[in-house]
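Enquirer: Below is one structure. I have some questions about it.
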Amino acid sequence: MEILKNIFDFSGSPRHGLYAAGFVGLVLLVFPLLPHSSFSMSTIIQFFMFSLYAMGWNTIGGFGGQVDLGQAQFLGIGAYTTAVMMIRWNTSFWVSLPVGMCLAMAWSFVIGFPLFRLRGHYFAIASIAASLVLKDIFDVWRFVGASRGLEIPTTRYSSPDFVHLIFTRDAYYYYIILGFFVFGFFFINWFRRSRLAFQLRAIKSNEDAARSLGINVRWAKIKTYAIATAFVSAVGCFHACYVKNIETDDTMGLDISILIALMAMLGGMGSLWGPIIGAGILIPLKIYIKEWLGARAGLVGLDLVIYAAIIMFISALEPRGIWGIVEKIRRRKLA
Amino acid sequence: MDILKVRNLSKNFGGLQANHEISFDAAEGEMLGIIGPNGAGKTTLFNCIAGAHPVDSGRVIFRGREITGLSSHSIARLGLSRTFQVYVASGDLSVKENVMVGCFMRTRSRSDAAAGADAILRDFQISHLSGHFVSELPIAAQKRVAMATALATGPKLLLLDEVAAGLNPHEVEEITGLIRHIHANLTVTVILIEHVMEMVMNICHRIIVLDEGKKISEGDPRSVIKDPAVIKAYLGERYARQYLQQANK
């Protein structure tokens, strides 16, 4: 019973903010029924996907303070599991989803044990290295298509195929990822009040003090890493069916890892709303830059320039991100 | 019954001998003071007992169980809690949340932890601070939060590392009263490291004196203060004379 209560307990969020969020939620619920462009549709789907990545990252990075820059590897494991199983054995998405999540979580345990011997910057660097090594392996591994990647043959399925998640209309993808999003959102709302979240916040502020309070620091981090991985890999599986063209650069690149972390940082680490706010800002920005500069975007590197500027901006102004600014204003009003 | 037995505990940092063959016992329900000049190895001794540092040699036995070499979180779960000399304020957690982290050692339920934290905050008379961040508080209140958090784990033995450091005389008096209160009402054995001699002399049943990593004296407060070795290493002639004069009046 207490769990149920905690899932739907939004105390601590500003009342006006909750109304606004409720309104935005309603709009998002009926959005596919309204007249819209396919461009805005794909933007919102990407917003949902990246919100979920950032929510996952926020558990270990925001609550636990372990700045992980290798989340893309778990996205890749999820995407490749679904793609491989679908292409080779015609497996249902709903089977490959748990398989992909389990594989990714198993991998997170394998790298978590050595990685969490490290602290601070060393952990961040090691997480990048682990992710890039896995990407290099996938780049030469023939079973998963090596550097050519994989393509899910859509002609095999007749849309709408809810078993394999192959649709010609984006509205179906929209509602499925919206379902993921709602589930993830309420999970995080429960998580932020859980014992583990409190322990993580204690770890973030002082590991030695946390240990003296009976917290098994390394195990708490590894558990949380598995939770983060579950989020990212689940959406990775969805990514495979949605994009249908899986390449290591799109799924496991360092830029994706950084973007995921950046969203949570910009929106506000260790908060419920931060990752959503961050994704709501960065995803339209990213897509807009891509539209504006076209294929040149990668060459110019403008997106990286903007990300770098945002990082500097946050760390100089308010390390707790946009949500930190909101909280500050609220506390000032109360005082 | 001895709640804690330390036997021949030694700890080196490189060439520096921080603790050398230290042995002592703490009886259940006792209030034991550890004094000594800066660098005598007092905090290192706490760190070794609580499992924060691995010991080089020697044994630590807590409630009849050998805890040498156990990790600090397992030792905490056995009922040995501590505070830190420099309390690193957790900017991210409010006072109540801090104490709740302690409560979460014994319960999984958030409402139990919240209720436990409320009770302890009330007992410590800092309920009005529960929503503040620890970093915003004055040092005396921070020390109270540190003690409350350590007690929230429900320890049998509490190690207090210089909780009176940096406090004014009035605040020292308050925190002395608080320690007495904890000791009496919660049946906790207390070992404290302290430089404020008034406090140590007032509340400790027994005192251990460390100097350069070695135990140089042990006994009840009045005999320790007369010990020439202690006067030479730590107290100084004048303090000892003054104190004895005062006590004789």
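Simple scheme: letters A, B, ... for chains in structure tokens order, numbers from 1 for residues in each chain, numbers from 1 for ligands in the order shown.
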Go through range 89-197 of chain A residue by residue and, counting only C-alpha atoms, keep those with an atom at most 10 Å from range 52-57 of chain A; for each kept residue give the shortest atom pair and its distance in Å to one decimal, ordered by chain and increasing number, as CSV.
Expert:
residue,atom,partner,partner_atom,distance
A:Ile177,CA,A:Leu52,CA,9.4
A:Phe180,CA,A:Leu52,CA,8.1
A:Phe181,CA,A:Leu52,CA,6.4
A:Val182,CA,A:Leu52,CA,9.7
A:Phe183,CA,A:Leu52,CA,9.9
A:Gly184,CA,A:Leu52,CA,6.8
A:Phe185,CA,A:Met55,CA,8.0
A:Phe187,CA,A:Met55,CA,9.9
A:Ile188,CA,A:Met55,CA,7.5
Enquirer: Would you list the contacts of Pro284 in chain A as a short mmCIF file (atom, residue, chain, number, x, y, z; two decimals) with C-alpha atoms, in the first residue's frame, taking every protein, DNA or RNA residue within 10 Å and counting only C-alpha atoms, but skipping same-chain residues closer than 6 positions in sequence?
Expert:
data_model
loop_
_atom_site.label_atom_id
_atom_site.label_comp_id
_atom_site.auth_asym_id
_atom_site.auth_seq_id
_atom_site.Cartn_x
_atom_site.Cartn_y
_atom_site.Cartn_z
CA SER A 40 6.73 17.47 -35.05
CA THR A 43 10.40 15.32 -32.62
CA ILE A 44 8.03 14.40 -29.81
CA GLN A 46 12.50 11.53 -29.82
CA PHE A 47 11.69 13.74 -26.85
CA LYS A 290 20.14 19.37 -37.98
#
Enquirer: How close does chain B get to chain A? List, as a tab-separated table, each residue of chain B within 9 Å, its nearest atom pair and the distance in Å to one decimal, counting only C-alpha atoms.
Expert:
residue	atom	partner	partner_atom	distance
B:Ala50	CA	A:Ser212	CA	7.7
B:Gly51	CA	A:Ser212	CA	8.8
B:Ala52	CA	A:Asp208	CA	7.5
B:Ser71	CA	A:Arg211	CA	8.4
B:Ser72	CA	A:Arg211	CA	5.8
B:His73	CA	A:Gly214	CA	3.9
B:Ser74	CA	A:Gly214	CA	6.3
B:Ile75	CA	A:Gly214	CA	7.4
B:Ala76	CA	A:Gly214	CA	4.8
B:Arg77	CA	A:Gly214	CA	5.3
B:Leu78	CA	A:Gly214	CA	8.8
B:Leu80	CA	A:Ser212	CA	8.6
B:Ser81	CA	A:Ser212	CA	6.5
B:Arg82	CA	A:Ser212	CA	6.7
B:Thr83	CA	A:Ala209	CA	8.0
B:Phe84	CA	A:Ala209	CA	7.6
B:Tyr87	CA	A:Ala209	CA	8.6
B:Val88	CA	A:Asn206	CA	6.9
B:Ala89	CA	A:Ser205	CA	7.6
B:Ser90	CA	A:Ser205	CA	5.0
B:Gly91	CA	A:Ser205	CA	7.0
B:Asp92	CA	A:Ser205	CA	7.0
B:Leu93	CA	A:Arg201	CA	7.2
B:Glu97	CA	A:Phe198	CA	7.5
B:Asn98	CA	A:Ala202	CA	7.6
B:Met100	CA	A:Phe198	CA	7.9
B:Val101	CA	A:Phe198	CA	5.9
B:Gly102	CA	A:Leu213	CA	5.7
B:Cys103	CA	A:Leu213	CA	8.8
B:Phe104	CA	A:Arg195	CA	6.3
B:Met105	CA	A:Gly214	CA	6.0
B:Thr107	CA	A:Arg195	CA	8.6
B:Arg108	CA	A:Arg195	CA	6.1
B:Ser109	CA	A:Arg195	CA	7.4
B:Arg110	CA	A:Ser194	CA	6.7
B:Ser111	CA	A:Glu2	CA	8.1
B:Ala113	CA	A:Arg195	CA	9.0
B:Thr149	CA	A:Leu213	CA	8.1
B:Ala150	CA	A:Leu213	CA	6.8
B:Ala152	CA	A:Leu213	CA	8.8
B:Thr153	CA	A:Leu213	CA	6.7
Enquirer: Write the residues of the preceding selection, restricted to N, CA and C atoms, as a compact mmCIF listing (two decimals), in the first residue's frame.
Expert:
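For reference, out35.txt as written:
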# COMPACT_ATOMS: atom_id res chain seq x y z
N ALA B 50 36.19 1.57 13.46
CA ALA B 50 34.96 1.60 12.67
C ALA B 50 35.13 1.00 11.28
N GLY B 51 36.33 0.56 10.95
CA GLY B 51 36.52 -0.12 9.68
C GLY B 51 36.80 0.79 8.50
N ALA B 52 37.00 2.09 8.77
CA ALA B 52 37.29 3.01 7.66
C ALA B 52 38.71 2.82 7.15
N SER B 71 34.08 -4.49 6.63
CA SER B 71 33.89 -3.19 5.98
C SER B 71 33.09 -2.28 6.92
N SER B 72 33.23 -0.97 6.72
CA SER B 72 32.62 -0.06 7.70
C SER B 72 31.10 -0.15 7.69
N HIS B 73 30.49 -0.49 6.52
CA HIS B 73 29.03 -0.58 6.55
C HIS B 73 28.55 -1.81 7.32
N SER B 74 29.33 -2.90 7.26
CA SER B 74 28.91 -4.06 8.06
C SER B 74 29.06 -3.77 9.55
N ILE B 75 30.12 -3.06 9.91
CA ILE B 75 30.33 -2.74 11.32
C ILE B 75 29.20 -1.83 11.80
N ALA B 76 28.81 -0.87 10.95
CA ALA B 76 27.70 0.02 11.31
C ALA B 76 26.44 -0.79 11.57
N ARG B 77 26.21 -1.80 10.73
CA ARG B 77 24.99 -2.60 10.88
C ARG B 77 25.01 -3.44 12.14
N LEU B 78 26.22 -3.73 12.66
CA LEU B 78 26.30 -4.49 13.91
C LEU B 78 25.98 -3.60 15.11
N LEU B 80 27.59 -0.22 15.62
CA LEU B 80 28.65 0.71 16.00
C LEU B 80 28.56 1.92 15.09
N SER B 81 28.22 3.06 15.66
CA SER B 81 28.02 4.25 14.83
C SER B 81 29.03 5.32 15.21
N ARG B 82 29.23 6.28 14.33
CA ARG B 82 30.26 7.29 14.60
C ARG B 82 29.90 8.62 13.96
N THR B 83 30.54 9.67 14.47
CA THR B 83 30.46 10.96 13.77
C THR B 83 31.85 11.28 13.26
N PHE B 84 31.92 12.27 12.36
CA PHE B 84 33.20 12.65 11.80
C PHE B 84 33.63 14.00 12.34
N TYR B 87 32.57 17.46 9.77
CA TYR B 87 31.32 16.98 9.22
C TYR B 87 31.12 17.61 7.87
N VAL B 88 31.22 16.81 6.82
CA VAL B 88 31.05 17.34 5.48
C VAL B 88 29.56 17.51 5.24
N ALA B 89 29.12 18.75 5.23
CA ALA B 89 27.70 19.02 5.09
C ALA B 89 27.21 18.53 3.73
N SER B 90 26.10 17.82 3.76
CA SER B 90 25.56 17.33 2.51
C SER B 90 24.61 18.36 1.95
N GLY B 91 25.10 19.10 0.96
CA GLY B 91 24.34 20.21 0.40
C GLY B 91 23.02 19.77 -0.18
N ASP B 92 22.93 18.48 -0.49
CA ASP B 92 21.79 18.00 -1.25
C ASP B 92 20.64 17.52 -0.37
N LEU B 93 20.93 17.27 0.91
CA LEU B 93 19.90 16.70 1.78
C LEU B 93 19.51 17.68 2.88
N GLU B 97 16.08 14.70 6.03
CA GLU B 97 16.49 13.65 5.08
C GLU B 97 17.79 13.00 5.54
N ASN B 98 18.71 13.82 6.07
CA ASN B 98 19.95 13.28 6.61
C ASN B 98 19.68 12.24 7.67
N MET B 100 16.96 10.67 8.15
CA MET B 100 16.25 9.53 7.57
C MET B 100 17.20 8.52 6.97
N VAL B 101 18.31 9.00 6.38
CA VAL B 101 19.29 8.06 5.82
C VAL B 101 19.77 7.12 6.92
N GLY B 102 19.99 7.69 8.11
CA GLY B 102 20.38 6.85 9.24
C GLY B 102 19.29 5.84 9.59
N CYS B 103 18.04 6.32 9.64
CA CYS B 103 16.92 5.43 9.98
C CYS B 103 16.78 4.31 8.96
N PHE B 104 17.10 4.59 7.71
CA PHE B 104 16.92 3.60 6.65
C PHE B 104 17.85 2.40 6.84
N MET B 105 18.79 2.49 7.76
CA MET B 105 19.62 1.31 7.98
C MET B 105 18.80 0.18 8.60
N THR B 107 15.23 0.08 8.51
CA THR B 107 13.90 -0.12 7.93
C THR B 107 13.95 0.15 6.43
N ARG B 108 13.03 -0.46 5.71
CA ARG B 108 12.92 -0.18 4.27
C ARG B 108 11.82 0.83 4.00
N SER B 109 10.91 0.96 4.98
CA SER B 109 9.72 1.78 4.73
C SER B 109 10.02 3.26 4.95
N ARG B 110 9.57 4.08 4.01
CA ARG B 110 9.85 5.50 4.10
C ARG B 110 9.09 6.14 5.25
N SER B 111 7.84 5.69 5.49
CA SER B 111 7.08 6.34 6.55
C SER B 111 7.69 6.01 7.91
N ALA B 113 10.89 5.47 8.42
CA ALA B 113 12.11 6.27 8.51
C ALA B 113 11.76 7.72 8.84
N THR B 149 22.00 11.90 13.17
CA THR B 149 22.08 10.94 12.07
C THR B 149 22.75 9.65 12.53
N ALA B 150 23.84 9.80 13.28
CA ALA B 150 24.54 8.61 13.77
C ALA B 150 23.64 7.80 14.69
N ALA B 152 20.45 7.69 14.63
CA ALA B 152 19.28 7.17 13.92
C ALA B 152 19.48 5.72 13.49
N THR B 153 20.74 5.29 13.43
CA THR B 153 20.99 3.90 13.04
C THR B 153 20.76 2.95 14.22
Enquirer: With a distance cut-off of 12 Å and only C-alpha atoms, select the neighbouring residues of Asn168 in chain B, excluding the residue or stretch itself and same-chain residues fewer than 4 positions from it, and output the selection as a list of chain:residue names.
Expert: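 The residues satisfying every condition are B:Pro138, B:Ile139, B:Ala140, B:Val163, B:Ala164, B:Val172, B:Glu173, B:Glu174, B:Ile175, B:Val196.
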Enquirer: Please, which residues of range 52-291 of chain A, numbered as in this document, come out strand (DSSP E or B) from DSSP, as a ChimeraX atom specification?
Expert: /A:150-151,161,166,245-246
Enquirer: Those same residues - C-alpha atoms - I'd like them written as a PDB file, in the first residue's frame.
Expert:
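Now in part_21.pdb:
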ATOM      1  CA  LEU A 150      21.506  -4.114 -39.424  1.00  0.00           C
ATOM      2  CA  GLU A 151      18.303  -3.356 -41.220  1.00  0.00           C
ATOM      3  CA  ASP A 161       2.043  -5.314 -36.445  1.00  0.00           C
ATOM      4  CA  ILE A 166       6.320  -2.473 -37.172  1.00  0.00           C
ATOM      5  CA  ASN A 245      18.302   0.911 -39.395  1.00  0.00           C
ATOM      6  CA  ILE A 246      20.768   0.139 -36.654  1.00  0.00           C
TER       7      ILE A 246
END
Enquirer: I want to know what sits within 10 Å of range 171-175 of chain A, based on only C-alpha atoms, with residues of the same chain fewer than 4 positions away left out; could you give that as number ranges by chain?
Expert: A: 28-33, 38, 41-42, 44-46, 48, 160-162, 165-167, 179-181, 238-239, 241-242
Enquirer: Any idea what's packed within 9 Å of Trp273 in chain A, counting only C-alpha atoms, ignoring anything in its chain fewer than 6 positions away? Could you give it as a list in words?
Expert: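 With the cut-off at 9 Å, the set is Ser13, Met55, Gly267 and Trp323 of chain A.
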Enquirer: Once you have the residues from the selection above, write them out as a compact mmCIF listing (two decimals), in the first residue's frame, restricted to N, CA and C atoms.
Expert:
# COMPACT_ATOMS: atom_id res chain seq x y z
N SER A 13 6.52 19.08 -5.40
CA SER A 13 6.52 19.79 -6.68
C SER A 13 5.57 20.97 -6.56
N MET A 55 16.15 10.01 -17.74
CA MET A 55 15.61 9.57 -16.45
C MET A 55 16.46 8.43 -15.91
N GLY A 267 18.52 20.00 -17.13
CA GLY A 267 17.21 20.07 -16.50
C GLY A 267 17.31 20.11 -14.98
N TRP A 323 16.01 23.00 -12.85
CA TRP A 323 15.17 22.68 -11.69
C TRP A 323 15.75 23.29 -10.42
Enquirer: Excluding Glu198 in chain B and residues on its chain fewer than 3 positions from it, collect all residues at most 10 Å away from it, counting only C-alpha atoms, and give them as a PDB file with N, CA and C atoms, in the first residue's frame.
Expert:
ATOM      1  N   PRO B 169      31.496  28.426  24.694  1.00  0.00           N
ATOM      2  CA  PRO B 169      31.275  27.744  25.987  1.00  0.00           C
ATOM      3  C   PRO B 169      29.814  27.388  26.233  1.00  0.00           C
ATOM      4  N   VAL B 172      28.996  24.422  24.151  1.00  0.00           N
ATOM      5  CA  VAL B 172      29.641  23.228  24.701  1.00  0.00           C
ATOM      6  C   VAL B 172      28.782  22.662  25.828  1.00  0.00           C
ATOM      7  N   GLU B 173      28.264  23.559  26.659  1.00  0.00           N
ATOM      8  CA  GLU B 173      27.418  23.126  27.764  1.00  0.00           C
ATOM      9  C   GLU B 173      26.177  22.396  27.234  1.00  0.00           C
ATOM     10  N   THR B 176      27.101  19.024  25.828  1.00  0.00           N
ATOM     11  CA  THR B 176      27.418  18.124  26.931  1.00  0.00           C
ATOM     12  C   THR B 176      26.133  17.540  27.520  1.00  0.00           C
ATOM     13  N   GLU B 194      37.993  14.296  22.499  1.00  0.00           N
ATOM     14  CA  GLU B 194      37.669  15.692  22.775  1.00  0.00           C
ATOM     15  C   GLU B 194      38.898  16.467  23.217  1.00  0.00           C
ATOM     16  N   HIS B 195      38.942  17.748  22.842  1.00  0.00           N
ATOM     17  CA  HIS B 195      39.993  18.635  23.334  1.00  0.00           C
ATOM     18  C   HIS B 195      39.481  19.532  24.450  1.00  0.00           C
ATOM     19  N   MET B 201      36.262  16.093  31.532  1.00  0.00           N
ATOM     20  CA  MET B 201      36.322  15.878  32.981  1.00  0.00           C
ATOM     21  C   MET B 201      34.924  15.741  33.568  1.00  0.00           C
ATOM     22  N   ASN B 202      33.985  16.459  32.968  1.00  0.00           N
ATOM     23  CA  ASN B 202      32.625  16.463  33.476  1.00  0.00           C
ATOM     24  C   ASN B 202      31.881  15.165  33.249  1.00  0.00           C
ATOM     25  N   ILE B 203      31.987  14.638  32.061  1.00  0.00           N
ATOM     26  CA  ILE B 203      31.059  13.559  31.722  1.00  0.00           C
ATOM     27  C   ILE B 203      31.701  12.182  31.605  1.00  0.00           C
ATOM     28  N   TYR B 243      43.336  23.049  37.603  1.00  0.00           N
ATOM     29  CA  TYR B 243      42.191  22.157  37.711  1.00  0.00           C
ATOM     30  C   TYR B 243      42.118  21.526  39.089  1.00  0.00           C
TER      31      TYR B 243
END
